[in-house]
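Visitor: Next comes final_6.cif, mmCIF, C-alpha atoms:
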```cif
data_upload
loop_
_atom_site.label_atom_id
_atom_site.label_comp_id
_atom_site.auth_asym_id
_atom_site.auth_seq_id
_atom_site.Cartn_x
_atom_site.Cartn_y
_atom_site.Cartn_z
CA MET A 96 -7.54 -15.72 -37.87
CA VAL A 97 -6.90 -19.48 -37.85
CA SER A 98 -3.48 -19.02 -36.32
CA TYR A 99 -4.95 -16.81 -33.58
CA TYR A 100 -7.48 -19.45 -32.55
CA SER A 101 -4.81 -22.15 -32.68
CA TYR A 102 -2.71 -20.05 -30.33
CA PHE A 103 -5.72 -19.45 -28.06
CA TRP A 104 -6.58 -23.15 -27.73
CA SER A 105 -2.96 -24.18 -27.22
CA LYS A 106 -2.72 -21.74 -24.34
CA LEU A 107 -6.08 -22.92 -23.04
CA ASN A 108 -4.81 -26.49 -22.95
CA THR A 109 -1.74 -25.29 -21.09
CA ILE A 110 -3.72 -23.51 -18.43
CA MET A 111 -6.12 -26.42 -18.04
CA LYS A 112 -3.13 -28.65 -17.29
CA TYR A 113 -1.88 -25.91 -14.95
CA GLU A 114 1.64 -25.73 -16.29
CA PRO A 115 3.30 -22.41 -15.43
CA TYR A 116 4.64 -20.36 -18.34
CA SER A 117 8.02 -20.06 -16.63
CA THR A 118 9.98 -22.32 -14.32
CA VAL A 119 9.26 -21.62 -10.66
CA VAL A 120 10.90 -23.41 -7.78
CA GLU A 121 7.99 -25.00 -5.93
CA HIS A 122 9.63 -25.85 -2.65
CA GLY A 123 10.71 -23.98 0.44
CA HIS A 124 9.71 -20.32 0.31
CA ASP A 125 10.68 -19.32 -3.21
CA PHE A 126 7.24 -17.99 -4.17
CA PHE A 127 6.47 -15.25 -6.70
CA PRO A 128 10.18 -14.96 -7.64
CA GLU A 129 9.55 -12.58 -10.56
CA LEU A 130 8.59 -9.86 -8.09
CA ALA A 131 12.32 -9.25 -7.60
CA THR A 132 12.55 -8.12 -11.23
CA SER A 133 9.56 -5.77 -10.86
CA LEU A 134 11.11 -4.23 -7.74
CA PHE A 135 14.52 -4.00 -9.42
CA TYR A 136 12.93 -2.04 -12.28
CA PHE A 137 11.30 0.30 -9.75
CA ILE A 138 14.51 0.84 -7.76
CA GLU A 139 16.58 1.48 -10.90
CA LYS A 140 14.04 4.01 -12.17
CA LEU A 141 13.77 5.68 -8.75
CA HIS A 142 17.54 6.02 -8.46
CA ARG A 143 17.85 7.47 -11.96
CA ILE A 144 15.06 10.03 -11.43
CA LEU A 145 16.42 11.17 -8.07
CA LEU A 146 19.82 11.82 -9.65
CA GLU A 147 18.27 13.62 -12.62
CA GLN A 148 16.22 15.85 -10.31
CA GLY A 149 19.19 16.63 -8.10
CA ILE A 150 17.64 15.13 -4.95
CA GLU A 151 20.32 14.34 -2.40
CA ARG A 152 18.13 13.08 0.46
CA VAL A 153 15.16 10.71 0.22
CA TYR A 154 12.76 9.39 2.89
CA PHE A 155 11.31 5.87 2.74
CA LEU A 156 7.96 5.66 4.53
CA SER A 157 7.27 2.86 6.97
CA ARG A 158 6.37 0.12 6.84
CA GLU A 159 6.77 -1.08 3.25
CA GLY A 160 9.60 1.41 2.88
CA GLN A 161 11.87 -0.64 5.15
CA PRO A 162 12.71 -3.37 2.59
CA LEU A 163 12.50 -0.84 -0.25
CA MET A 164 15.17 1.30 1.42
CA ARG A 165 17.37 -1.74 1.89
CA MET A 166 17.12 -2.50 -1.85
CA PHE A 167 17.76 1.14 -2.72
CA ASP A 168 20.87 1.30 -0.54
CA MET A 169 22.12 -1.91 -2.13
CA TYR A 170 21.63 -0.37 -5.56
CA CYS A 171 23.42 2.85 -4.54
CA GLU A 172 26.33 0.84 -3.21
CA HIS A 173 26.51 -1.20 -6.40
CA THR A 174 26.49 1.85 -8.69
CA ALA A 175 28.66 4.01 -6.38
CA LYS A 176 26.17 6.84 -6.96
CA HIS A 177 24.74 7.59 -3.55
CA VAL A 178 21.58 9.32 -2.43
CA VAL A 179 21.20 9.64 1.34
CA SER A 180 18.25 7.59 2.54
CA HIS A 181 16.21 7.87 5.74
CA TYR A 182 13.55 5.62 7.23
CA LEU A 183 10.61 7.85 8.17
CA GLU A 184 8.25 6.13 10.60
CA VAL A 185 4.74 7.22 9.64
CA SER A 186 1.26 5.86 9.02
CA ARG A 187 -2.07 7.26 7.92
CA ARG A 188 -3.09 7.06 11.56
CA SER A 189 -0.07 8.83 13.05
CA THR A 190 -0.04 11.68 10.51
CA LEU A 191 -3.78 12.35 10.33
CA LEU A 192 -4.41 14.31 13.53
CA PRO A 193 -1.26 16.51 13.26
CA SER A 194 -2.26 17.38 9.70
CA LEU A 195 -5.79 18.53 10.50
CA ALA A 196 -7.18 22.05 10.88
CA PRO A 197 -8.90 23.39 14.03
CA LEU A 198 -12.07 21.42 14.75
CA ALA A 199 -14.46 24.17 13.60
CA GLU A 200 -12.73 24.23 10.19
CA GLU A 201 -12.16 20.48 9.76
CA ASN A 202 -14.44 18.13 7.77
CA PHE A 203 -12.17 15.01 8.05
CA GLU A 204 -12.38 14.47 4.30
CA THR A 205 -9.09 12.54 4.27
CA LEU A 206 -10.69 9.86 6.45
CA PHE A 207 -14.30 9.99 5.30
CA ARG A 208 -13.55 9.81 1.57
CA GLN A 209 -12.62 6.16 2.16
CA TYR A 210 -14.28 5.15 5.44
CA ARG A 211 -17.82 6.20 6.28
CA CYS A 212 -19.34 3.08 7.88
CA ILE A 213 -17.31 3.19 11.08
CA SER A 214 -17.87 3.40 14.84
CA LEU A 215 -16.99 6.13 17.31
CA PHE A 216 -14.14 3.98 18.57
CA GLU A 217 -12.78 3.50 15.03
CA PHE A 218 -13.02 7.24 14.39
CA LEU A 219 -11.09 8.04 17.58
CA SER A 220 -8.56 5.29 16.82
CA SER A 221 -7.96 6.72 13.34
CA LEU A 222 -6.99 9.96 15.07
CA GLY A 223 -4.79 8.12 17.56
CA LEU A 224 -7.12 9.13 20.41
CA GLU A 225 -8.46 5.69 21.34
CA GLN A 226 -7.02 5.88 24.86
CA TYR A 227 -9.55 8.64 25.61
CA THR A 228 -12.58 6.61 24.51
CA LYS A 229 -13.95 5.92 28.02
CA ASP A 230 -13.83 9.60 28.97
CA ILE A 231 -15.53 10.63 25.73
CA VAL A 232 -18.24 7.97 26.14
CA LYS A 233 -18.92 9.31 29.61
CA THR A 234 -19.00 12.90 28.40
CA LEU A 235 -21.43 12.07 25.59
CA GLU A 236 -23.56 9.98 28.00
CA LEU A 237 -23.59 6.96 25.68
CA THR A 238 -24.96 3.56 26.64
CA ASP A 239 -22.55 0.65 27.12
CA GLY A 240 -21.19 -0.66 23.84
CA ARG A 241 -22.51 2.27 21.80
CA GLU A 242 -18.98 3.37 20.95
CA ILE A 243 -18.20 0.16 19.04
CA GLN A 244 -21.40 0.07 17.00
CA ARG A 245 -20.78 1.11 13.42
CA GLU A 246 -22.85 3.92 11.97
CA LYS A 247 -24.04 3.49 8.40
CA ASP A 248 -22.75 6.98 7.62
CA PHE A 249 -20.69 8.22 10.54
CA PRO A 250 -20.14 11.79 9.22
CA THR A 251 -23.91 12.45 9.25
CA SER A 252 -24.69 10.48 12.42
CA THR A 253 -26.09 11.94 15.63
CA ILE A 254 -23.15 10.60 17.62
CA PHE A 255 -20.67 12.48 15.41
CA MET A 256 -22.67 15.70 15.75
CA LYS A 257 -22.63 15.32 19.54
CA LEU A 258 -18.88 14.69 19.45
CA ARG A 259 -18.20 17.81 17.37
CA ASN A 260 -20.28 19.92 19.75
CA SER A 261 -18.56 18.55 22.86
CA LEU A 262 -16.43 21.17 24.59
CA GLU A 263 -14.31 18.47 26.24
CA PHE A 264 -13.57 16.76 22.93
CA GLY A 265 -12.79 20.09 21.31
CA GLU A 266 -10.17 20.85 23.97
CA LEU A 267 -8.67 17.35 23.72
CA TYR A 268 -8.59 17.52 19.92
CA GLU A 269 -6.83 20.88 19.84
CA HIS A 270 -4.31 19.96 22.53
CA GLU A 271 -3.32 16.64 20.94
CA ARG A 272 -3.32 18.06 17.43
CA THR A 273 -0.92 20.81 18.42
CA ILE A 274 1.55 18.81 20.49
CA ARG A 275 1.68 15.93 18.00
CA ARG A 276 2.33 18.27 15.10
CA LYS A 277 5.25 19.82 16.98
CA ALA A 278 6.52 16.37 17.96
CA PHE A 279 6.46 15.17 14.36
CA ILE A 280 8.26 18.27 13.09
CA ASP A 281 10.92 17.82 15.77
CA TYR A 282 11.26 14.13 14.91
CA LEU A 283 11.66 14.89 11.19
CA ALA A 284 14.22 17.60 11.91
CA VAL A 285 16.38 15.27 14.01
CA LEU A 286 16.10 12.55 11.37
CA SER A 287 17.22 15.09 8.75
CA GLY A 288 20.36 16.09 10.61
CA GLY A 289 19.03 19.07 12.51
CA GLU A 290 16.89 21.01 10.04
CA LEU A 291 13.98 20.33 7.74
CA PRO A 292 14.53 20.05 3.97
CA SER A 293 12.90 22.57 1.64
CA ARG A 294 11.75 19.67 -0.54
CA LEU A 295 10.62 16.46 1.12
CA ALA A 296 11.15 13.53 -1.29
CA ILE A 297 9.36 10.41 -0.08
CA VAL A 298 9.13 6.81 -1.32
CA ASP A 299 6.38 4.30 -0.58
CA VAL A 300 4.52 1.38 -2.10
CA GLY A 301 1.73 3.76 -3.10
CA TRP A 302 -1.84 3.48 -4.47
CA LYS A 303 -3.29 6.87 -3.42
CA GLY A 304 -0.57 8.66 -1.47
CA THR A 305 -2.74 9.46 1.56
CA ILE A 306 0.22 9.76 3.92
CA GLN A 307 1.83 12.22 1.53
CA ASP A 308 -1.34 14.33 1.57
CA ASN A 309 -1.19 14.31 5.38
CA LEU A 310 2.49 15.30 5.35
CA PHE A 311 1.84 18.14 2.92
CA ALA A 312 -1.00 19.48 5.08
CA LEU A 313 1.10 19.09 8.22
CA LEU A 314 4.26 20.73 6.88
CA CYS A 315 3.15 23.14 4.19
CA ASN A 316 -0.35 24.49 4.83
CA LYS A 317 0.66 26.92 7.58
CA ASN A 318 3.84 28.09 5.82
CA ASP A 319 5.63 27.95 9.18
CA THR A 320 8.21 25.31 8.22
CA PRO A 321 10.99 25.36 5.60
CA VAL A 322 9.24 22.57 3.67
CA ASN A 323 7.45 24.02 0.64
CA VAL A 324 7.25 20.97 -1.67
CA VAL A 325 6.48 17.29 -1.04
CA THR A 326 7.21 14.83 -3.85
CA GLY A 327 6.19 11.19 -3.72
CA TYR A 328 7.71 8.33 -5.71
CA TYR A 329 5.60 5.18 -5.66
CA ILE A 330 5.59 1.69 -7.06
CA GLY A 331 2.06 2.40 -8.25
CA LEU A 332 -0.66 5.05 -8.23
CA VAL A 333 -4.38 4.45 -8.76
CA ALA A 334 -5.62 7.88 -7.63
CA GLU A 335 -4.02 11.31 -7.21
CA GLY A 336 -5.66 12.20 -3.90
CA ALA A 337 -4.90 15.80 -2.99
CA ALA A 338 -2.00 16.17 -5.42
CA ASN A 339 -1.12 19.65 -6.67
CA SER A 340 1.87 21.54 -8.07
CA ARG A 341 3.60 21.51 -4.66
CA ASN A 342 2.38 18.05 -3.70
CA ASN A 343 3.25 15.94 -6.73
CA LYS A 344 3.20 12.16 -7.08
CA TYR A 345 4.75 9.67 -9.50
CA GLY A 346 3.88 6.01 -10.05
CA LEU A 347 7.16 4.61 -11.36
CA LEU A 348 6.13 1.03 -12.15
CA PHE A 349 2.48 1.71 -12.97
CA SER A 350 -0.06 4.51 -12.75
CA SER A 351 -3.66 5.16 -13.78
CA VAL A 352 -3.46 8.89 -13.10
CA GLY A 353 -3.94 10.67 -16.42
CA THR A 354 -3.10 8.28 -19.23
CA PRO A 355 -2.60 4.75 -17.84
CA SER A 356 1.01 3.59 -17.97
CA PRO A 357 2.04 0.69 -20.25
CA LYS A 358 0.60 -2.64 -19.09
CA PHE A 359 -1.12 -1.00 -16.15
CA ARG A 360 -3.65 -3.86 -15.94
CA VAL A 361 -0.89 -6.42 -15.44
CA PHE A 362 0.93 -4.60 -12.63
CA ASN A 363 -2.30 -3.49 -10.95
CA GLU A 364 -3.82 -6.99 -10.86
CA ASN A 365 -2.65 -7.94 -7.36
CA ARG A 366 -1.32 -4.89 -5.52
CA ALA A 367 -1.64 -6.76 -2.24
CA LEU A 368 1.32 -8.90 -3.30
CA PHE A 369 3.59 -5.87 -2.93
CA GLU A 370 2.13 -5.06 0.49
CA VAL A 371 2.54 -8.62 1.76
CA LEU A 372 6.14 -9.13 0.67
CA LEU A 373 7.34 -5.65 1.56
CA ALA A 374 6.62 -6.24 5.24
CA ALA A 375 8.62 -4.55 7.99
CA ASP A 376 9.78 -6.04 11.28
CA HIS A 377 7.76 -3.73 13.56
CA GLY A 378 4.20 -2.60 14.24
CA SER A 379 2.37 0.38 12.79
CA ILE A 380 3.04 3.92 14.03
CA ILE A 381 0.35 5.38 16.29
CA SER A 382 1.55 8.88 17.15
CA TYR A 383 4.55 11.06 18.12
CA GLN A 384 5.75 12.17 21.51
CA SER A 385 8.30 14.66 22.77
CA THR A 386 10.76 14.08 25.59
CA GLU A 387 11.69 16.54 28.32
CA ASN A 388 14.93 17.44 26.57
CA GLY A 389 13.13 18.47 23.39
CA CYS A 390 13.68 15.32 21.35
CA ALA A 391 10.77 13.53 19.70
CA TYR A 392 10.11 9.97 18.62
CA PRO A 393 7.44 7.86 16.90
CA VAL A 394 5.23 5.62 19.05
CA ARG A 395 4.83 2.12 17.62
CA GLY A 396 1.68 0.07 18.11
CA GLU A 397 1.33 -3.62 18.84
CA PHE A 398 2.97 -5.87 16.23
CA GLU A 399 -0.10 -8.10 15.78
CA GLU A 400 1.08 -9.88 12.65
CA SER A 401 4.54 -10.66 14.02
CA ASP A 402 4.18 -14.46 14.27
CA MET A 403 2.59 -14.77 10.84
CA LEU A 404 5.26 -12.63 9.17
CA ARG A 405 8.14 -14.55 10.76
CA ALA A 406 6.65 -17.90 9.80
CA GLU A 407 5.26 -17.15 6.34
CA VAL A 408 6.46 -13.85 4.88
CA PHE A 409 10.04 -13.18 5.97
CA PRO A 410 11.37 -16.46 4.52
CA VAL A 411 9.86 -15.51 1.14
CA GLN A 412 11.24 -11.99 1.52
CA HIS A 413 14.67 -13.49 2.15
CA SER A 414 14.48 -15.32 -1.19
CA LEU A 415 13.33 -12.09 -2.81
CA PHE A 416 16.46 -10.27 -1.63
CA LYS A 417 18.68 -13.09 -2.88
CA ARG A 418 17.19 -12.70 -6.35
CA PHE A 419 17.53 -8.92 -6.15
CA GLU A 420 21.25 -9.33 -5.40
CA LYS A 421 21.65 -11.55 -8.46
CA LEU A 422 19.93 -8.93 -10.61
CA LEU A 423 22.36 -6.31 -9.30
CA ALA A 424 25.27 -8.42 -10.49
CA THR A 425 23.80 -8.62 -14.02
CA SER A 426 22.15 -5.20 -14.24
CA PRO A 427 24.27 -3.84 -17.14
CA HIS A 428 23.20 -6.84 -19.22
CA TYR A 429 19.52 -6.33 -18.44
CA PHE A 430 19.50 -2.66 -19.42
CA GLU A 431 21.34 -2.98 -22.71
CA ASN A 432 17.92 -3.19 -24.35
CA LYS A 433 15.27 -1.47 -22.21
CA SER A 434 12.41 -2.53 -24.46
CA PHE A 435 13.47 -6.18 -24.20
CA PHE A 436 13.86 -5.86 -20.43
CA PHE A 437 10.38 -4.29 -20.03
CA ASN A 438 8.77 -7.05 -22.11
CA LYS A 439 10.54 -9.64 -19.96
CA LEU A 440 9.35 -7.77 -16.87
CA VAL A 441 5.73 -7.80 -18.06
CA LYS A 442 5.88 -11.49 -18.93
CA GLY A 443 7.28 -12.37 -15.50
CA HIS A 444 4.76 -10.25 -13.62
CA SER A 445 1.94 -11.73 -15.71
CA ARG A 446 3.05 -15.20 -14.71
CA MET A 447 2.71 -14.35 -11.02
CA VAL A 448 -0.73 -12.76 -11.15
CA PHE A 449 -2.36 -14.74 -13.98
CA ASN A 450 -0.77 -18.18 -13.71
CA PRO A 451 0.50 -18.80 -10.19
CA THR A 452 1.39 -22.26 -9.00
CA PRO A 453 -0.97 -24.05 -6.59
CA GLN A 454 1.72 -23.67 -3.90
CA GLU A 455 1.82 -19.90 -4.42
CA ARG A 456 -1.95 -19.62 -4.19
CA ARG A 457 -2.03 -21.65 -0.99
CA TRP A 458 0.74 -19.54 0.52
CA PHE A 459 -1.02 -16.31 -0.40
CA SER A 460 -4.22 -17.53 1.23
CA SER A 461 -2.34 -18.15 4.48
CA VAL A 462 -1.28 -14.54 5.09
CA PHE A 463 -3.29 -11.59 6.32
CA HIS A 464 -3.10 -7.84 6.64
CA VAL A 465 -3.90 -5.82 9.76
CA GLU A 466 -5.77 -2.61 8.97
CA ASN A 467 -4.68 0.04 11.50
CA TYR A 468 -6.81 2.85 10.15
CA GLY A 469 -10.48 3.34 9.37
CA VAL A 470 -12.04 -0.07 10.02
CA PHE A 471 -9.33 -1.85 12.09
CA GLU A 472 -9.80 -5.36 10.77
CA HIS A 473 -7.73 -8.37 9.79
CA SER A 474 -7.99 -8.90 6.03
CA HIS A 475 -7.07 -12.23 4.48
CA PHE A 476 -5.81 -11.51 1.00
CA ALA A 477 -7.21 -14.70 -0.49
CA VAL A 478 -9.52 -17.29 0.99
CA LEU A 479 -9.84 -20.60 -0.82
CA GLN A 480 -13.54 -21.33 -1.06
CA SER A 481 -15.32 -24.65 -1.19
CA PRO A 482 -15.60 -26.09 -4.73
CA GLN A 483 -18.25 -24.37 -6.83
CA GLY A 484 -20.85 -26.47 -8.62
CA VAL A 485 -21.55 -26.14 -12.33
CA VAL A 486 -24.74 -24.13 -11.76
CA GLN A 487 -23.01 -21.78 -9.33
CA ARG A 488 -20.18 -21.18 -11.79
CA LEU A 489 -22.54 -20.50 -14.65
CA LEU A 490 -24.53 -18.03 -12.56
CA PHE A 491 -21.32 -16.27 -11.52
CA LEU A 492 -20.09 -16.09 -15.13
CA LYS A 493 -23.43 -14.69 -16.28
CA LYS A 494 -23.25 -11.95 -13.64
CA LEU A 495 -19.61 -11.31 -14.50
CA LEU A 496 -20.42 -10.87 -18.20
CA LEU A 497 -23.33 -8.58 -17.34
CA ARG A 498 -21.22 -6.84 -14.69
CA LYS A 499 -24.13 -7.17 -12.32
CA ASP A 500 -24.36 -8.24 -8.67
CA ILE A 501 -20.99 -10.02 -8.68
CA GLY A 502 -19.80 -8.31 -5.53
CA ASP A 503 -16.26 -7.22 -4.85
CA LEU A 504 -13.71 -9.34 -6.70
CA GLY A 505 -11.31 -8.76 -3.84
CA PHE A 506 -7.60 -8.09 -3.65
CA TRP A 507 -6.86 -10.48 -6.51
CA PRO A 508 -9.63 -10.55 -9.16
CA TRP A 509 -8.01 -13.34 -11.20
CA ASN A 510 -7.98 -15.63 -8.17
CA THR A 511 -11.62 -14.85 -7.37
CA ILE A 512 -12.66 -15.61 -10.95
CA TYR A 513 -10.58 -18.81 -10.91
CA GLU A 514 -12.29 -20.06 -7.77
CA ARG A 515 -15.84 -18.95 -8.57
CA GLY A 516 -15.85 -19.31 -12.33
CA GLY A 517 -13.23 -21.94 -13.07
CA ARG A 518 -9.96 -22.16 -15.00
CA VAL A 519 -11.37 -21.34 -18.41
CA ALA A 520 -12.99 -18.13 -17.15
CA ALA A 521 -9.76 -17.15 -15.37
CA PHE A 522 -7.74 -17.83 -18.51
CA ILE A 523 -10.02 -15.67 -20.67
CA TYR A 524 -9.88 -12.87 -18.08
CA ALA A 525 -6.07 -13.07 -17.99
CA SER A 526 -5.83 -13.07 -21.78
CA ILE A 527 -7.89 -9.89 -21.99
CA ARG A 528 -5.83 -8.19 -19.29
CA ARG A 529 -2.55 -9.14 -21.00
CA LEU A 530 -3.68 -7.60 -24.27
CA GLN A 531 -4.77 -4.32 -22.68
CA ARG A 532 -2.39 -1.40 -22.50
#
```
Render the structure in this file as structure tokens.

Guide:
Amino acid sequence: MVSYYSYFWSKLNTIMKYEPYSTVVEHGHDFFPELATSLFYFIEKLHRILLEQGIERVYFLSREGQPLMRMFDMYCEHTAKHVVSHYLEVSRRSTLLPSLAPLAEENFETLFRQYRCISLFEFLSSLGLEQYTKDIVKTLELTDGREIQREKDFPTSTIFMKLRNSLEFGELYEHERTIRRKAFIDYLAVLSGGELPSRLAIVDVGWKGTIQDNLFALLCNKNDTPVNVVTGYYIGLVAEGAANSRNNKYGLLFSSVGTPSPKFRVFNENRALFEVLLAADHGSIISYQSTENGCAYPVRGEFEESDMLRAEVFPVQHSLFKRFEKLLATSPHYFENKSFFFNKLVKGHSRMVFNPTPQERRWFSSVFHVENYGVFEHSHFAVLQSPQGVVQRLLFLKKLLLRKDIGDLGFWPWNTIYERGGRVAAFIYASIRRLQR
């Protein structure tokens, strides 16, 4: 017992001095360097599973799939064991409408299970129908600005009932749903070399696999395409969504579905870090269109975060790839002892999310995410608050211990606790998370 408390207080002194557990280069854009090891573990495991399952063709979903596919192709080239990769341009927004049933049969559960306090405009935008907003407002005889006012519970609102009962909207919905579904199927067929696969194997950053659920509904529900199984391979899963025996999902680095995977709490601590650093060089996908000659293509939206990504994220991503290349060169050494490698992986990831440098925290607070589905907002992943007084910190810690009225701890709970409760509280939180499975 004495040795445990000695260890605890030695670590407490370390964190109070803010000395990182591992050496991190604190200049330029070499932030969160251990993420390369976490991604290397994911790519190695993905490659191994695809070979074991006999999958010859895999589709990386935009936008996080763009850098993931690059890493995967590098790994295939290094091992000389190739799996054909494709970059499938999709989004929750672009795949929602083509995946839906006729209006009379549709309850929009895929959207409403996550977003209920939304406006008419946000609902139409989530379907990729925002360009028809003025016509719909006129048809529904709404007052100016009514379409952008959020309803507390949109699915039960009067405005949604009027929309569902509108003949004009019903015709628009059915027309766009049908042509966009055909356009997507044509696009996927061309991407696949002329015909659809019987099993669609997809890769993405993860969390719930909503896009996969849309793809399964789009391709498999009618039984009018060759696709009969959709399998998703993700960095992490925190919910199974609409998974079933033909729509299966795997969280390869971490998962809370069923029995939580080893050290789930460590890898799940700041999922936004994966989203930020796995940024693509183009905007989100809005819909799909067909050309006169029968070809189809994805329609990209405005690249709103372009300047921020080029200034803040892509330089860090460049350093990430450099580290990934170094890991490739030493990969046989790392996997001689998988248990040792996993422990090293956990320690490195813990350093990033539970003991970041001040420079890393400042950098993370400077980036933002553009939500192109549901609420359509800019989300800053971390906002440095003004210093908290002693009384404010004590009140926060009391609420935290009682788990009462603390509000959302945000994208990065450790950082929120650090800023609102102080270093000691953050250290205790991190210690508990490290010890958990």

Visitor: Looking at all atoms listed in the file, which of A:Leu490, A:Val394, A:Ile144, A:Leu206 is the one that sits closest to Thr326 of chain A?

Guide: A:Ile144

Visitor: How close does each residue of segment 175-246 of chain A get to segment 337-355 of chain A, giving the shortest atom pair and distance in Å to one decimal for every residue with an atom at most 12 Å away, counting only C-alpha atoms, sorted by chain and residue number, as a tab-separated table?

Guide:
```
residue	atom	partner	partner_atom	distance
A:Glu204	CA	A:Ala337	CA	10.5
A:Thr205	CA	A:Ala337	CA	9.0
A:Arg208	CA	A:Ala337	CA	11.5
```

Visitor: So what does the PyMOL selection byres ((chain A and resi 254-270) around 10) actually pick up in this one, as JSON, numbers by chain?

Guide: {"A": [192, 193, 195, 196, 197, 198, 199, 214, 215, 218, 222, 224, 227, 230, 231, 232, 234, 235, 237, 241, 242, 246, 248, 249, 250, 251, 252, 253, 271, 272, 273, 274, 275]}

Visitor: List the neighbours of segment 157-173 of chain A out to 9 Å using all atoms listed in the file; skip same-chain residues closer than 6 positions along the sequence, and give me the result as a PyMOL selection string.

Guide: chain A and resi 134-135+138-139+141-142+179-186+298-300+369-380+412+416+419-420+423-424

Visitor: To one decimal in Å, tell me the separation between atom CA of Asn450 of chain A and atom CA of Glu472 of chain A.

Guide: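 Atom CA of Glu472 of chain A lies at a distance of 29.1 Å from atom CA of Asn450 of chain A.
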
Visitor: Expressed in Å to a single decimal, how great is the separation between atom CA of Leu130 of chain A and atom CA of Met447 of chain A?

Guide: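 Taking atom CA of Leu130 of chain A as the start and atom CA of Met447 of chain A as the end point, the length is 8.0 Å.
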
Visitor: Residues within 8 Å of Ser220 of chain A, please, as a PyMOL selection string. Count all atoms listed in the file; anything in the same chain fewer than 4 positions from it doesn't count.

Guide: chain A and resi 188+216+224-225+468-469

Visitor: Could you list the residues chosen by the PyMOL selection byres ((chain A and resi 455) around 10) in this structure as a ChimeraX atom specification?

Guide: /A:119,121-122,124-127,447,450-454,456-461

Visitor: Export C-alpha atoms of the chosen residues as an mmCIF file, keeping the file's coordinate frame?

Guide:
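Below is the file that was written, part-v9.cif:
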```cif
data_model
loop_
_atom_site.group_PDB
_atom_site.id
_atom_site.type_symbol
_atom_site.label_atom_id
_atom_site.label_comp_id
_atom_site.auth_asym_id
_atom_site.auth_seq_id
_atom_site.Cartn_x
_atom_site.Cartn_y
_atom_site.Cartn_z
ATOM 1 C CA VAL A 119 9.260 -21.620 -10.660
ATOM 2 C CA GLU A 121 7.990 -25.000 -5.930
ATOM 3 C CA HIS A 122 9.630 -25.850 -2.650
ATOM 4 C CA HIS A 124 9.710 -20.320 0.310
ATOM 5 C CA ASP A 125 10.680 -19.320 -3.210
ATOM 6 C CA PHE A 126 7.240 -17.990 -4.170
ATOM 7 C CA PHE A 127 6.470 -15.250 -6.700
ATOM 8 C CA MET A 447 2.710 -14.350 -11.020
ATOM 9 C CA ASN A 450 -0.770 -18.180 -13.710
ATOM 10 C CA PRO A 451 0.500 -18.800 -10.190
ATOM 11 C CA THR A 452 1.390 -22.260 -9.000
ATOM 12 C CA PRO A 453 -0.970 -24.050 -6.590
ATOM 13 C CA GLN A 454 1.720 -23.670 -3.900
ATOM 14 C CA ARG A 456 -1.950 -19.620 -4.190
ATOM 15 C CA ARG A 457 -2.030 -21.650 -0.990
ATOM 16 C CA TRP A 458 0.740 -19.540 0.520
ATOM 17 C CA PHE A 459 -1.020 -16.310 -0.400
ATOM 18 C CA SER A 460 -4.220 -17.530 1.230
ATOM 19 C CA SER A 461 -2.340 -18.150 4.480
#
```

Visitor: Taking 5 positions as the minimum chain separation for residues in the same chain, which residues sit within 12 Å of Asn323 of chain A when counting all atoms listed in the file? Answer as number ranges by chain.

Guide: A: 291-296, 310-318, 340-343

Visitor: Point out the residue among A:Leu496, A:Ile297, A:Ala175, A:Cys212 with the least atom-to-atom distance to Leu145 of chain A, counting only C-alpha atoms.

Guide: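 When distances to Leu145 of chain A are compared using only C-alpha atoms, the smallest one comes from A:Ile297.
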
Visitor: Suppose you want the space between atom CA of Val322 of chain A and atom CA of Tyr136 of chain A; what is it in Å?

Guide: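 Taking atom CA of Val322 of chain A as the start and atom CA of Tyr136 of chain A as the end point, the length is 29.6 Å.
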
Visitor: Please, what is the axis-aligned box for every listed atom of segment 363-377 of chain A with 8 Å on each side, as centre and edge lengths in Å to one decimal, as JSON?

Guide:
```
{"center_x": 3.0, "center_y": -6.3, "center_z": 1.3, "size_x": 29.6, "size_y": 21.6, "size_z": 40.5}
```

Visitor: Of the residues A:Asn365, A:Asn438, A:Asn510, A:Asn467, which is the one nearest to Glu400 of chain A, using only C-alpha atoms?

Guide: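 Among A:Asn365, A:Asn438, A:Asn510, A:Asn467, it is A:Asn467 that comes nearest to Glu400 of chain A.
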
Visitor: I'd like the residues picked by the PyMOL selection byres ((chain A and resi 332) around 6) written out as a PDB file with C-alpha atoms, keeping the file's coordinate frame, using the chain letters and numbers from the file.

Guide:
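Final output, result_12.pdb:
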```
ATOM      1  CA  GLY A 301       1.730   3.760  -3.100  1.00  0.00           C
ATOM      2  CA  TRP A 302      -1.840   3.480  -4.470  1.00  0.00           C
ATOM      3  CA  LYS A 303      -3.290   6.870  -3.420  1.00  0.00           C
ATOM      4  CA  GLY A 331       2.060   2.400  -8.250  1.00  0.00           C
ATOM      5  CA  VAL A 333      -4.380   4.450  -8.760  1.00  0.00           C
ATOM      6  CA  ALA A 334      -5.620   7.880  -7.630  1.00  0.00           C
ATOM      7  CA  GLY A 346       3.880   6.010 -10.050  1.00  0.00           C
ATOM      8  CA  SER A 350      -0.060   4.510 -12.750  1.00  0.00           C
TER       9      SER A 350
END
```

Visitor: Using all atoms listed in the file, collect all residues at a distance of at most 10 Å from (-1.1, -4.4, -13.9) as written in the file, then present them as JSON, numbers by chain.

Guide: {"A": [331, 348, 349, 350, 351, 356, 357, 358, 359, 360, 361, 362, 363, 364, 365, 366, 441, 444, 445, 448, 528, 529, 531, 532]}
